[in-house]
>>> print(open('coords-v7.cif').read())   # mmCIF, C-alpha atoms
data_structure
loop_
_atom_site.label_atom_id
_atom_site.label_comp_id
_atom_site.auth_asym_id
_atom_site.auth_seq_id
_atom_site.Cartn_x
_atom_site.Cartn_y
_atom_site.Cartn_z
CA MET Z 12 138.33 68.26 49.89
CA THR Z 13 139.81 66.35 46.99
CA THR Z 14 139.06 62.65 46.70
CA GLN Z 15 140.16 61.91 43.16
CA ARG Z 16 143.71 60.86 42.35
CA ASP Z 17 144.76 60.90 38.72
CA ASN Z 18 148.48 60.19 39.11
CA SER Z 19 150.91 57.52 40.24
CA SER Z 20 151.02 58.65 43.88
CA MET Z 21 147.96 56.58 44.75
CA VAL Z 22 149.93 54.42 47.20
CA ARG Z 23 150.41 57.43 49.51
CA ARG Z 24 146.76 57.56 50.47
CA SER Z 25 145.20 59.63 53.21
CA LEU Z 26 142.23 58.48 55.21
CA LEU Z 27 141.30 62.13 55.55
CA ALA Z 28 139.88 61.90 52.04
CA VAL Z 29 137.48 59.17 53.11
CA LEU Z 30 136.40 60.08 56.63
CA PRO Z 31 134.17 63.09 55.79
CA MET Z 32 132.04 61.12 53.34
CA ALA Z 33 129.55 60.09 55.99
CA ALA Z 34 128.36 63.68 56.22
CA ALA Z 35 128.87 64.71 52.61
CA LEU Z 36 125.49 63.77 51.18
CA GLY Z 37 123.48 65.91 53.57
CA ALA Z 38 125.80 68.84 52.91
CA CYS Z 39 125.26 68.55 49.17
CA ARG Z 40 121.46 68.57 49.24
CA PRO Z 41 120.17 70.21 52.43
CA ASP Z 42 116.81 70.88 50.78
CA ALA Z 43 116.25 67.37 49.42
CA PRO Z 44 112.83 65.96 50.36
CA GLU Z 45 113.00 63.24 52.98
CA VAL Z 46 111.11 60.49 51.23
CA THR Z 47 111.75 56.85 52.12
CA LEU Z 48 111.59 54.62 49.10
CA PRO Z 49 110.12 51.16 49.62
CA ALA Z 50 112.37 48.13 49.66
CA PRO Z 51 112.64 46.04 46.47
CA ARG Z 52 109.82 43.55 45.98
CA ALA Z 53 112.20 40.87 44.71
CA GLY Z 54 113.91 38.81 47.37
CA GLY Z 55 117.67 38.87 47.71
CA ARG Z 56 120.51 37.18 49.48
CA PRO Z 57 121.85 38.60 52.73
CA ALA Z 58 124.99 40.72 52.72
CA VAL Z 59 128.17 38.69 52.43
CA ARG Z 60 131.82 39.35 53.00
CA GLY Z 61 134.72 38.74 50.71
CA GLY Z 62 135.43 38.21 47.06
CA ALA Z 63 133.74 34.84 46.55
CA GLY Z 64 130.21 33.93 45.70
CA PRO Z 65 128.22 30.84 46.69
CA GLY Z 66 130.62 27.93 46.36
CA GLY Z 67 133.41 30.37 45.57
CA ALA Z 68 132.08 31.01 42.07
CA ARG Z 69 131.36 34.73 41.63
CA GLN Z 70 133.00 37.85 42.97
CA ALA Z 71 131.16 39.87 45.57
CA GLY Z 72 130.46 43.56 45.01
CA VAL Z 73 128.46 42.85 41.85
CA GLU Z 74 125.03 41.57 42.87
CA ARG Z 75 125.96 40.93 46.51
CA PRO Z 76 125.27 42.40 48.92
CA VAL Z 77 121.89 43.16 47.33
CA GLN Z 78 122.02 46.69 48.71
CA PRO Z 79 125.42 48.23 47.92
CA GLN Z 80 127.40 49.42 50.93
CA THR Z 81 127.39 53.13 51.70
CA HIS Z 82 131.06 53.85 50.88
CA ALA Z 83 133.33 52.84 48.02
CA VAL Z 84 136.57 53.63 46.27
CA VAL Z 85 137.23 52.71 42.65
CA SER Z 86 140.88 52.58 41.58
CA VAL Z 87 142.37 51.88 38.16
CA TYR Z 88 145.96 50.72 37.65
CA ASP Z 89 148.51 49.94 34.93
CA LEU Z 90 151.05 47.10 34.86
CA SER Z 91 154.64 47.93 34.02
CA PRO Z 92 156.30 46.07 31.13
CA GLN Z 93 158.24 44.02 33.69
CA ALA Z 94 155.18 43.00 35.74
CA GLY Z 95 153.91 39.51 35.00
CA PRO Z 96 150.10 39.64 34.68
CA ALA Z 97 149.56 36.16 36.16
CA ARG Z 98 151.80 36.91 39.14
CA VAL Z 99 150.16 40.30 39.75
CA ALA Z 100 146.68 38.76 39.61
CA ALA Z 101 147.71 35.96 41.97
CA ARG Z 102 149.22 38.36 44.52
CA LEU Z 103 146.21 40.64 44.31
CA GLY Z 104 143.86 37.71 44.82
CA GLU Z 105 145.83 36.59 47.88
CA ALA Z 106 145.52 40.09 49.32
CA VAL Z 107 141.77 40.13 48.67
CA LEU Z 108 141.35 36.83 50.48
CA GLU Z 109 143.52 38.07 53.34
CA LEU Z 110 141.33 41.14 53.75
CA THR Z 111 137.96 39.47 53.38
CA ALA Z 112 138.26 35.87 54.59
CA LYS Z 113 138.85 36.99 58.19
CA PRO Z 114 137.62 40.58 58.33
CA GLY Z 115 139.62 42.67 60.77
CA THR Z 116 142.67 40.41 60.97
CA ALA Z 117 144.62 42.14 58.22
CA LEU Z 118 143.25 45.66 58.77
CA GLY Z 119 143.53 45.84 62.54
CA VAL Z 120 139.88 46.95 62.70
CA ALA Z 121 136.62 45.09 62.17
CA GLY Z 122 136.10 44.61 58.43
CA GLY Z 123 132.32 44.37 58.62
CA ASP Z 124 130.73 44.02 55.17
CA LEU Z 125 133.94 44.71 53.21
CA THR Z 126 133.96 43.46 49.61
CA VAL Z 127 136.65 43.77 46.93
CA THR Z 128 135.88 43.38 43.23
CA VAL Z 129 138.69 43.07 40.66
CA GLY Z 130 138.52 43.53 36.88
CA LEU Z 131 141.01 43.03 34.04
CA GLY Z 132 141.44 45.63 31.31
CA PRO Z 133 141.44 45.10 27.53
CA ARG Z 134 145.24 44.80 27.28
CA LEU Z 135 145.38 41.92 29.77
CA VAL Z 136 142.36 40.07 28.41
CA GLY Z 137 143.73 40.57 24.89
CA LEU Z 138 147.14 39.00 25.60
CA PRO Z 139 148.28 36.39 23.05
CA GLY Z 140 146.83 33.02 23.90
CA VAL Z 141 144.19 34.47 26.22
CA PRO Z 142 140.59 33.84 25.14
CA GLY Z 143 138.91 37.20 24.52
CA VAL Z 144 135.68 38.37 26.05
CA PRO Z 145 132.85 38.24 23.48
CA GLY Z 146 132.52 41.70 21.97
CA GLY Z 147 135.79 42.91 23.47
CA LEU Z 148 136.37 45.57 26.12
CA GLU Z 149 137.39 48.64 24.13
CA LEU Z 150 135.01 51.53 24.69
CA PRO Z 151 134.42 53.83 21.71
CA ALA Z 152 134.42 57.61 22.03
CA PHE Z 153 131.17 59.17 23.16
CA ALA Z 154 129.88 62.73 23.39
CA ARG Z 155 130.74 65.05 26.28
CA GLU Z 156 133.99 63.42 27.33
CA GLU Z 157 137.11 65.06 28.75
CA ARG Z 158 139.70 62.46 27.81
CA THR Z 159 143.18 62.27 29.28
CA ALA Z 160 145.78 59.54 28.94
CA ARG Z 161 145.62 58.69 32.65
CA THR Z 162 141.85 58.56 33.08
CA TRP Z 163 140.88 56.45 30.05
CA GLY Z 164 141.29 52.67 30.00
CA GLY Z 165 143.64 50.81 32.32
CA ASP Z 166 144.84 47.29 33.13
CA LEU Z 167 143.26 46.66 36.53
CA LEU Z 168 140.07 47.76 38.23
CA VAL Z 169 139.85 47.46 42.03
CA GLN Z 170 136.54 48.35 43.68
CA VAL Z 171 136.46 48.38 47.48
CA CYS Z 172 133.11 48.75 49.27
CA ALA Z 173 132.06 48.78 52.92
CA SER Z 174 129.67 50.52 55.26
CA ASP Z 175 132.60 51.95 57.24
CA PRO Z 176 134.64 54.56 55.30
CA VAL Z 177 137.70 53.85 57.46
CA VAL Z 178 137.60 50.19 56.41
CA VAL Z 179 137.36 51.29 52.75
CA GLY Z 180 140.41 53.53 53.14
CA LEU Z 181 142.51 50.94 54.98
CA ALA Z 182 141.68 48.14 52.54
CA ASP Z 183 142.29 50.32 49.50
CA THR Z 184 145.65 51.43 50.88
CA ARG Z 185 146.68 47.85 51.60
CA LEU Z 186 145.79 46.70 48.08
CA ALA Z 187 147.65 49.66 46.55
CA GLN Z 188 150.75 48.70 48.54
CA VAL Z 189 150.56 45.10 47.31
CA LEU Z 190 150.24 46.24 43.70
CA ALA Z 191 153.06 48.78 44.01
CA ALA Z 192 155.37 46.02 45.22
CA GLU Z 193 154.58 44.15 41.99
CA GLY Z 194 155.43 47.10 39.73
CA VAL Z 195 151.86 48.32 39.25
CA SER Z 196 151.17 52.07 39.12
CA GLY Z 197 147.96 53.99 39.70
CA ARG Z 198 146.03 55.75 36.96
CA TRP Z 199 143.12 57.32 38.84
CA SER Z 200 141.02 56.72 41.91
CA GLN Z 201 137.74 58.10 43.23
CA THR Z 202 135.83 57.70 46.48
CA GLY Z 203 132.05 57.58 46.45
CA PHE Z 204 129.10 57.41 48.83
CA ARG Z 205 125.46 56.38 48.88
CA PRO Z 206 122.66 57.07 51.38
CA PRO Z 207 121.83 54.12 53.63
CA GLY Z 208 118.59 52.22 53.16
CA ASN Z 209 116.96 49.49 51.12
CA GLY Z 210 116.23 49.65 47.41
CA PRO Z 211 117.00 52.59 45.10
CA VAL Z 212 118.68 55.59 46.73
CA ARG Z 213 118.79 59.26 45.82
CA ASN Z 214 121.62 60.82 43.85
CA LEU Z 215 122.98 64.37 44.13
CA LEU Z 216 120.10 65.66 42.01
CA GLY Z 217 117.64 64.34 44.58
CA PHE Z 218 116.18 61.63 42.33
CA PRO Z 219 116.14 57.90 43.11
CA ASP Z 220 118.51 55.83 41.00
CA GLY Z 221 118.80 52.13 40.20
CA ILE Z 222 115.12 51.32 39.74
CA GLU Z 223 115.49 49.76 36.29
CA ASN Z 224 118.04 47.18 37.45
CA PRO Z 225 117.58 43.43 36.94
CA ARG Z 226 116.14 42.11 40.17
CA THR Z 227 115.35 38.40 40.02
CA ARG Z 228 117.76 35.48 39.82
CA PRO Z 229 116.72 34.63 36.23
CA GLU Z 230 117.22 38.29 35.20
CA LEU Z 231 120.66 38.48 36.82
CA ASP Z 232 121.81 35.22 35.24
CA ARG Z 233 120.51 36.30 31.84
CA GLU Z 234 121.73 39.92 31.85
CA VAL Z 235 124.83 40.02 34.07
CA TRP Z 236 126.73 36.76 34.34
CA LEU Z 237 128.62 34.83 31.67
CA ASP Z 238 128.17 31.08 31.67
CA GLY Z 239 131.26 30.19 29.67
CA PRO Z 240 133.23 29.02 27.91
CA GLY Z 241 136.03 27.93 30.24
CA PRO Z 242 137.63 30.75 32.24
CA LEU Z 243 134.90 33.21 31.25
CA ALA Z 244 132.33 31.31 33.32
CA ASP Z 245 130.94 33.20 36.32
CA GLY Z 246 132.45 36.43 35.06
CA THR Z 247 130.89 39.69 33.97
CA ILE Z 248 131.86 42.94 32.26
CA ALA Z 249 132.20 46.10 34.33
CA VAL Z 250 131.98 49.63 32.93
CA VAL Z 251 133.23 52.42 35.19
CA ARG Z 252 132.79 56.12 34.39
CA ARG Z 253 133.27 59.21 36.51
CA LEU Z 254 130.51 61.59 35.44
CA ARG Z 255 130.77 65.21 36.49
CA ILE Z 256 127.30 66.74 36.76
CA ASP Z 257 126.39 70.40 36.64
CA VAL Z 258 124.25 70.01 39.73
CA SER Z 259 123.60 73.74 40.14
CA GLY Z 260 122.55 74.09 36.50
CA PHE Z 261 120.15 71.16 36.71
CA LEU Z 262 118.60 72.33 39.97
CA ALA Z 263 118.10 75.83 38.53
CA GLN Z 264 115.29 74.38 36.40
CA SER Z 265 111.73 74.34 37.71
CA PRO Z 266 110.70 71.22 39.67
CA ALA Z 267 108.35 70.23 36.83
CA ARG Z 268 111.13 70.55 34.26
CA GLN Z 269 113.45 68.45 36.44
CA ASP Z 270 110.83 65.69 36.60
CA GLU Z 271 110.41 65.81 32.83
CA ALA Z 272 114.17 65.60 32.26
CA ILE Z 273 114.40 62.47 34.40
CA GLY Z 274 111.03 60.86 33.64
CA ARG Z 275 110.12 60.37 37.29
CA ARG Z 276 108.79 62.52 40.10
CA LYS Z 277 111.42 63.68 42.55
CA THR Z 278 108.95 63.72 45.43
CA ASP Z 279 108.31 59.98 45.48
CA GLY Z 280 110.28 58.46 42.59
CA ALA Z 281 107.17 57.33 40.73
CA PRO Z 282 107.40 57.18 36.92
CA LEU Z 283 105.56 59.90 35.02
CA SER Z 284 103.70 57.11 33.24
CA GLY Z 285 101.97 56.31 36.54
CA GLY Z 286 102.40 53.83 39.35
CA GLU Z 287 104.63 53.66 42.41
CA ALA Z 288 108.30 54.32 43.09
CA LEU Z 289 109.62 50.87 42.12
CA ASP Z 290 107.41 50.45 39.07
CA ARG Z 291 109.12 50.38 35.70
CA LEU Z 292 108.20 52.89 33.04
CA ASP Z 293 105.30 52.32 30.70
CA LEU Z 294 106.79 53.77 27.52
CA SER Z 295 103.47 53.58 25.68
CA ALA Z 296 101.40 55.52 28.26
CA LYS Z 297 99.82 58.66 26.77
CA THR Z 298 97.54 61.49 27.75
CA PRO Z 299 93.96 61.58 26.37
CA ARG Z 300 95.35 63.90 23.68
CA GLY Z 301 97.95 61.34 22.60
CA ARG Z 302 101.03 62.87 24.21
CA TYR Z 303 103.52 60.52 25.87
CA LEU Z 304 103.44 60.84 29.66
CA VAL Z 305 107.19 60.22 29.78
CA PRO Z 306 108.69 62.88 27.47
CA ALA Z 307 110.62 61.78 24.40
CA MET Z 308 113.94 63.10 25.74
CA ALA Z 309 113.49 62.06 29.37
CA HIS Z 310 116.53 60.20 30.66
CA ALA Z 311 114.50 57.27 31.94
CA ARG Z 312 112.97 56.78 28.48
CA ARG Z 313 116.21 57.24 26.52
CA ALA Z 314 118.12 54.80 28.74
CA ASN Z 315 115.33 52.24 28.98
CA PRO Z 316 116.44 48.85 27.58
CA ASN Z 317 113.12 48.47 25.74
CA ALA Z 318 114.01 51.65 23.84
CA THR Z 319 117.71 50.93 23.28
CA GLY Z 320 117.24 47.39 22.03
CA SER Z 321 120.02 46.20 24.34
CA GLY Z 322 120.10 44.11 27.47
CA ARG Z 323 119.55 45.35 31.00
CA MET Z 324 122.62 46.39 33.00
CA LEU Z 325 123.07 46.11 36.76
CA ARG Z 326 124.00 49.60 37.96
CA ARG Z 327 125.71 50.02 41.35
CA GLY Z 328 126.79 53.65 41.20
CA TYR Z 329 127.97 56.02 43.92
CA SER Z 330 127.76 59.78 44.23
CA TYR Z 331 131.01 61.69 44.59
CA ARG Z 332 131.88 65.22 45.58
CA ASN Z 333 135.39 66.64 45.23
CA GLY Z 334 134.08 70.19 45.52
CA PRO Z 335 131.20 72.37 44.31
CA LEU Z 336 132.52 72.36 40.72
CA ASP Z 337 133.45 68.67 40.64
CA GLN Z 338 130.66 66.43 41.83
CA GLY Z 339 128.44 63.85 40.25
CA LEU Z 340 128.15 60.13 39.74
CA LEU Z 341 130.72 57.37 39.95
CA PHE Z 342 128.89 55.18 37.45
CA VAL Z 343 129.49 51.43 37.78
CA SER Z 344 127.53 48.90 35.75
CA PHE Z 345 127.81 45.16 35.21
CA GLN Z 346 126.55 43.34 32.11
CA ARG Z 347 127.40 40.23 30.12
CA ARG Z 348 127.89 42.13 26.85
CA LEU Z 349 129.65 45.45 26.38
CA ARG Z 350 127.00 46.35 23.79
CA THR Z 351 124.47 46.66 26.61
CA PHE Z 352 126.32 49.77 27.74
CA THR Z 353 127.50 51.13 24.39
CA ALA Z 354 124.05 50.94 22.76
CA THR Z 355 122.56 52.74 25.72
CA GLN Z 356 125.21 55.46 25.75
CA ARG Z 357 124.89 56.08 22.00
CA ARG Z 358 121.16 56.59 22.42
CA LEU Z 359 121.81 59.08 25.22
CA ASP Z 360 124.28 60.90 22.98
CA ASP Z 361 121.60 61.21 20.31
CA GLY Z 362 119.39 63.20 22.66
CA ASP Z 363 118.76 63.22 26.39
CA ASP Z 364 117.60 66.10 28.60
CA LEU Z 365 119.82 65.02 31.49
CA MET Z 366 123.04 64.32 29.60
CA ARG Z 367 123.55 67.94 28.58
CA PHE Z 368 124.45 68.53 32.25
CA VAL Z 369 126.89 65.56 32.33
CA THR Z 370 130.57 65.26 31.33
CA ALA Z 371 132.61 62.05 31.58
CA THR Z 372 136.06 62.65 33.11
CA ALA Z 373 137.21 59.02 33.44
CA SER Z 374 136.13 55.78 31.80
CA GLY Z 375 137.05 52.14 31.26
CA ALA Z 376 135.70 48.63 30.67
CA PHE Z 377 136.99 45.56 32.51
CA PHE Z 378 136.36 41.83 32.61
CA VAL Z 379 135.50 40.67 36.14
CA PRO Z 380 136.60 37.02 36.34
CA ALA Z 381 135.31 34.35 38.68
CA ALA Z 382 136.19 34.70 42.35
CA CYS Z 383 139.53 33.45 43.56
CA THR Z 384 139.95 30.89 46.32
CA PRO Z 385 143.01 29.60 48.19
CA GLU Z 386 143.14 26.82 45.59
CA ARG Z 387 142.32 28.90 42.50
CA PRO Z 388 144.28 32.12 41.86
CA LEU Z 389 142.52 35.20 40.58
CA ALA Z 390 142.04 35.09 36.78
CA HIS Z 391 143.13 31.45 36.70
CA GLY Z 392 143.11 30.19 33.12
CA LEU Z 393 142.98 33.71 31.71
CA LEU Z 394 146.54 34.91 32.25
CA GLY Z 395 148.45 31.66 32.43
CA GLU Z 396 149.44 29.63 35.46
CA ARG Z 397 150.63 31.24 38.67
CA ARG Z 398 154.36 31.81 38.95
#
>>> encode(input="coords-v7.cif", output="C-alpha cells")
Amino acid sequence: MTTQRDNSSMVRRSLLAVLPMAAALGACRPDAPEVTLPAPRAGGRPAVRGGAGPGGARQAGVERPVQPQTHAVVSVYDLSPQAGPARVAARLGEAVLELTAKPGTALGVAGGDLTVTVGLGPRLVGLPGVPGVPGGLELPAFAREERTARTWGGDLLVQVCASDPVVVGLADTRLAQVLAAEGVSGRWSQTGFRPPGNGPVRNLLGFPDGIENPRTRPELDREVWLDGPGPLADGTIAVVRRLRIDVSGFLAQSPARQDEAIGRRKTDGAPLSGGEALDRLDLSAKTPRGRYLVPAMAHARRANPNATGSGRMLRRGYSYRNGPLDQGLLFVSFQRRLRTFTATQRRLDDGDDLMRFVTATASGAFFVPAACTPERPLAHGLLGERR
C-alpha cells in the first residue's frame, strides 16, 4: 500500500489509500506491550470542529482538540505564477468553512471531529509588502536528509484530521479539487495514523511520544502562539517533516539498549531518571556512582528544551506506513519561533542514539495564520485584500 504522493496528480486521490489505516498500527507492531498510559494531568478543552478557535481567533488542529484525532493527511502545494495568493487563500478558507461549519453537509457523510489547518510557505509570507514572520520560515539543511525538489519547501500546507479515515479522504480530496481549480499543484502528501486514547500514544517503535509537550494555557500561549503584531496575531509556525525510520534495525537492539536510546522505559513510558509515565525528565539525576540515569545520547535528553536552550514545541505527529521499507513518523510541530525547532534539530544532528535510524524524506516550515471566518478571509492582511 502506498500512501505518499510526491507528484502533481494529488487531485486524483483514492480512498483506498486511507481506509486500511485503522488496522495498520496493530499490523506494524503485533508484539507491542499493551500498556495504557494515563491521561494528561493538565485540563484541556473538549474536541471542537472546524478551523476557528474560541471567538474565531485560532485555527483548530494545533492545540485543539487536545487529543489529536486518529487519522490525518498532510499535503503540501505550490501556486502557479498565474495564481493570486490572496484569491487562493480566500477560496481555500471558504472551502474549509464549508467542510467544517456544518459537518456532513459538504461531504455527504457525517464530518464528526474534522479539522483543517492551513499554513503559508516562505515564498508567500515573504511577498513584497507582506510583513515577515520573526526569524523567517526557511529551514536550513540538516543531517540525514534525502532532499528532492518536490518534497522540500512549498507554498501551502493543508493538514486534515478526523477520527474517521473516510472523512479525512473525502475532505482532502475536496480541498485538492478547490486548489486545482485555482491553479495550485501538489508537491507531496502523506497519510498518518495514531492509536486512540488520551495523552501520549505509542509510535511504531513501541514508545510513547508527546510527553514533553506544553500542557497548560500559559505554556501554550508562551511557546506556541504569536500575539502580534497585526496579522501575525493568533498565528503559529508549523514544521512538517516525513521521517523514515529503520524500525527493524532499531528493534533488533536489546530492550535495555532501546530504552537507553530513547531515555524512557518502553514498558510503561516512565523516564529513566525515575517517576511515572507523564513525568518530565530529570536531566540531573545520577546513580550513586555519578552516572547520569538518562544517557548522554538518549533522544529524550538531546531533544529536551532545557538542554537545547530553545523553547518548547507542541508536537502532534502521526505514524505512517507505506510499506516495510518506508515507515516512520509524520512529524508535525507548532512553535512561535522557528529557532525552537532548528536549535533542537541541530543538537540531534550533533549526536543522538535514535537519529542514526532516522532519515528525513520531506520537510517544510509554514506560517499558520489566524482562523478565517465568513467575514474575514484566510490570511487576511497577510496577502492583500480578497479579489
>>> residues_around(input="coords-v7.cif", residues="Asp238 in chain Z", least_positions_apart="5", cutoff="12 Å", atoms="only C-alpha atoms", output="list in words")
Ala68, Arg69, Val144, Pro145, Leu231, Asp232, Arg233, Leu243, Ala244, Asp245, Gly246, Thr247, Arg347, Pro380 and Ala381 of chain Z
>>> write_last_selection(input="coords-v7.cif", atoms="C-alpha atoms", output="mmCIF file, in the frame of the given file")
data_model
loop_
_atom_site.group_PDB
_atom_site.id
_atom_site.type_symbol
_atom_site.label_atom_id
_atom_site.label_comp_id
_atom_site.auth_asym_id
_atom_site.auth_seq_id
_atom_site.Cartn_x
_atom_site.Cartn_y
_atom_site.Cartn_z
ATOM 1 C CA ALA Z 68 132.080 31.010 42.070
ATOM 2 C CA ARG Z 69 131.360 34.730 41.630
ATOM 3 C CA VAL Z 144 135.680 38.370 26.050
ATOM 4 C CA PRO Z 145 132.850 38.240 23.480
ATOM 5 C CA LEU Z 231 120.660 38.480 36.820
ATOM 6 C CA ASP Z 232 121.810 35.220 35.240
ATOM 7 C CA ARG Z 233 120.510 36.300 31.840
ATOM 8 C CA LEU Z 243 134.900 33.210 31.250
ATOM 9 C CA ALA Z 244 132.330 31.310 33.320
ATOM 10 C CA ASP Z 245 130.940 33.200 36.320
ATOM 11 C CA GLY Z 246 132.450 36.430 35.060
ATOM 12 C CA THR Z 247 130.890 39.690 33.970
ATOM 13 C CA ARG Z 347 127.400 40.230 30.120
ATOM 14 C CA PRO Z 380 136.600 37.020 36.340
ATOM 15 C CA ALA Z 381 135.310 34.350 38.680
#
>>> residues_around(input="coords-v7.cif", residues="range 304-313 of chain Z", least_positions_apart="3", cutoff="8 Å", atoms="all atoms listed in the file", output="PyMOL selection string")
chain Z and resi 271-275+282-284+292+294+296-298+318-319+355+358-359+362-366
>>> closest_residue(input="coords-v7.cif", among="Z:Pro207, Z:Gly130, Z:Gly164, Z:Pro219", to="Thr278 in chain Z", atoms="only C-alpha atoms")
Z:Pro219
>>> closest_residue(input="coords-v7.cif", among="Z:Arg134, Z:Arg205, Z:Arg357, Z:Arg323", to="Glu230 in chain Z", atoms="all atoms listed in the file")
Z:Arg323
>>> closest_residue(input="coords-v7.cif", among="Z:Asp166, Z:Asp270, Z:Asp361, Z:Asp293", to="Val87 in chain Z", atoms="all atoms listed in the file")
Z:Asp166
>>> residues_around(input="coords-v7.cif", residues="Gly328 in chain Z", least_positions_apart="4", cutoff="8 Å", atoms="all atoms listed in the file", output="list in words")
Leu340, Leu341, Phe342, Val343 and Ser344 of chain Z
>>> closest_residue(input="coords-v7.cif", among="Z:Pro240, Z:Ala101, Z:Leu118, Z:Val251", to="Thr184 in chain Z", atoms="all atoms listed in the file")
Z:Leu118
>>> atom_distance(input="coords-v7.cif", atom1="CA of Gly241 in chain Z", atom2="CA of Ala390 in chain Z")
11.4 Å
>>> atom_distance(input="coords-v7.cif", atom1="CA of Ala376 in chain Z", atom2="CA of Pro151 in chain Z")
10.4 Å
>>> closest_residue(input="coords-v7.cif", among="Z:Leu389, Z:Ile248, Z:Val212, Z:Val179", to="Gly280 in chain Z", atoms="only C-alpha atoms")
Z:Val212
>>> closest_residue(input="coords-v7.cif", among="Z:Arg75, Z:Arg255, Z:Arg350, Z:Arg387", to="Arg226 in chain Z", atoms="only C-alpha atoms")
Z:Arg75
>>> residues_around(input="coords-v7.cif", residues="range 137-141 of chain Z", least_positions_apart="6", cutoff="12 Å", atoms="all atoms listed in the file", output="JSON, numbers by chain")
{"Z": [95, 96, 97, 131, 147, 148, 149, 166, 241, 242, 243, 377, 378, 390, 391, 392, 393, 394, 395, 396]}
>>> atom_distance(input="coords-v7.cif", atom1="CA of Trp236 in chain Z", atom2="CA of Gly320 in chain Z")
18.8 Å
>>> build_atoms(input="coords-v7.cif", residues="range 337-348 of chain Z", atoms="N, CA, C and O atoms", output="short mmCIF file (atom, residue, chain, number, x, y, z; two decimals), keeping the file's coordinate frame")
data_model
loop_
_atom_site.label_atom_id
_atom_site.label_comp_id
_atom_site.auth_asym_id
_atom_site.auth_seq_id
_atom_site.Cartn_x
_atom_site.Cartn_y
_atom_site.Cartn_z
N ASP Z 337 133.10 70.03 41.06
CA ASP Z 337 133.45 68.67 40.64
C ASP Z 337 132.71 67.67 41.52
O ASP Z 337 133.22 67.20 42.53
N GLN Z 338 131.50 67.38 41.12
CA GLN Z 338 130.66 66.43 41.83
C GLN Z 338 129.78 65.73 40.82
O GLN Z 338 129.57 66.21 39.71
N GLY Z 339 129.29 64.57 41.19
CA GLY Z 339 128.44 63.85 40.25
C GLY Z 339 128.29 62.40 40.61
O GLY Z 339 128.07 62.05 41.77
N LEU Z 340 128.44 61.56 39.60
CA LEU Z 340 128.15 60.13 39.74
C LEU Z 340 129.37 59.31 39.37
O LEU Z 340 129.96 59.48 38.31
N LEU Z 341 129.75 58.40 40.26
CA LEU Z 341 130.72 57.37 39.95
C LEU Z 341 129.92 56.19 39.43
O LEU Z 341 129.44 55.35 40.18
N PHE Z 342 129.76 56.16 38.11
CA PHE Z 342 128.89 55.18 37.45
C PHE Z 342 129.60 53.84 37.37
O PHE Z 342 130.73 53.74 36.85
N VAL Z 343 128.96 52.79 37.87
CA VAL Z 343 129.49 51.43 37.78
C VAL Z 343 128.35 50.53 37.33
O VAL Z 343 127.28 50.51 37.96
N SER Z 344 128.57 49.83 36.23
CA SER Z 344 127.53 48.90 35.75
C SER Z 344 128.17 47.56 35.41
O SER Z 344 129.34 47.48 35.05
N PHE Z 345 127.37 46.51 35.54
CA PHE Z 345 127.81 45.16 35.21
C PHE Z 345 126.82 44.57 34.21
O PHE Z 345 125.60 44.67 34.38
N GLN Z 346 127.36 43.92 33.17
CA GLN Z 346 126.55 43.34 32.11
C GLN Z 346 127.36 42.24 31.43
O GLN Z 346 128.57 42.21 31.52
N ARG Z 347 126.68 41.33 30.74
CA ARG Z 347 127.40 40.23 30.12
C ARG Z 347 127.89 40.56 28.72
O ARG Z 347 128.70 39.81 28.16
N ARG Z 348 127.42 41.68 28.16
CA ARG Z 348 127.89 42.13 26.85
C ARG Z 348 128.19 43.63 26.93
O ARG Z 348 127.39 44.40 27.47
#
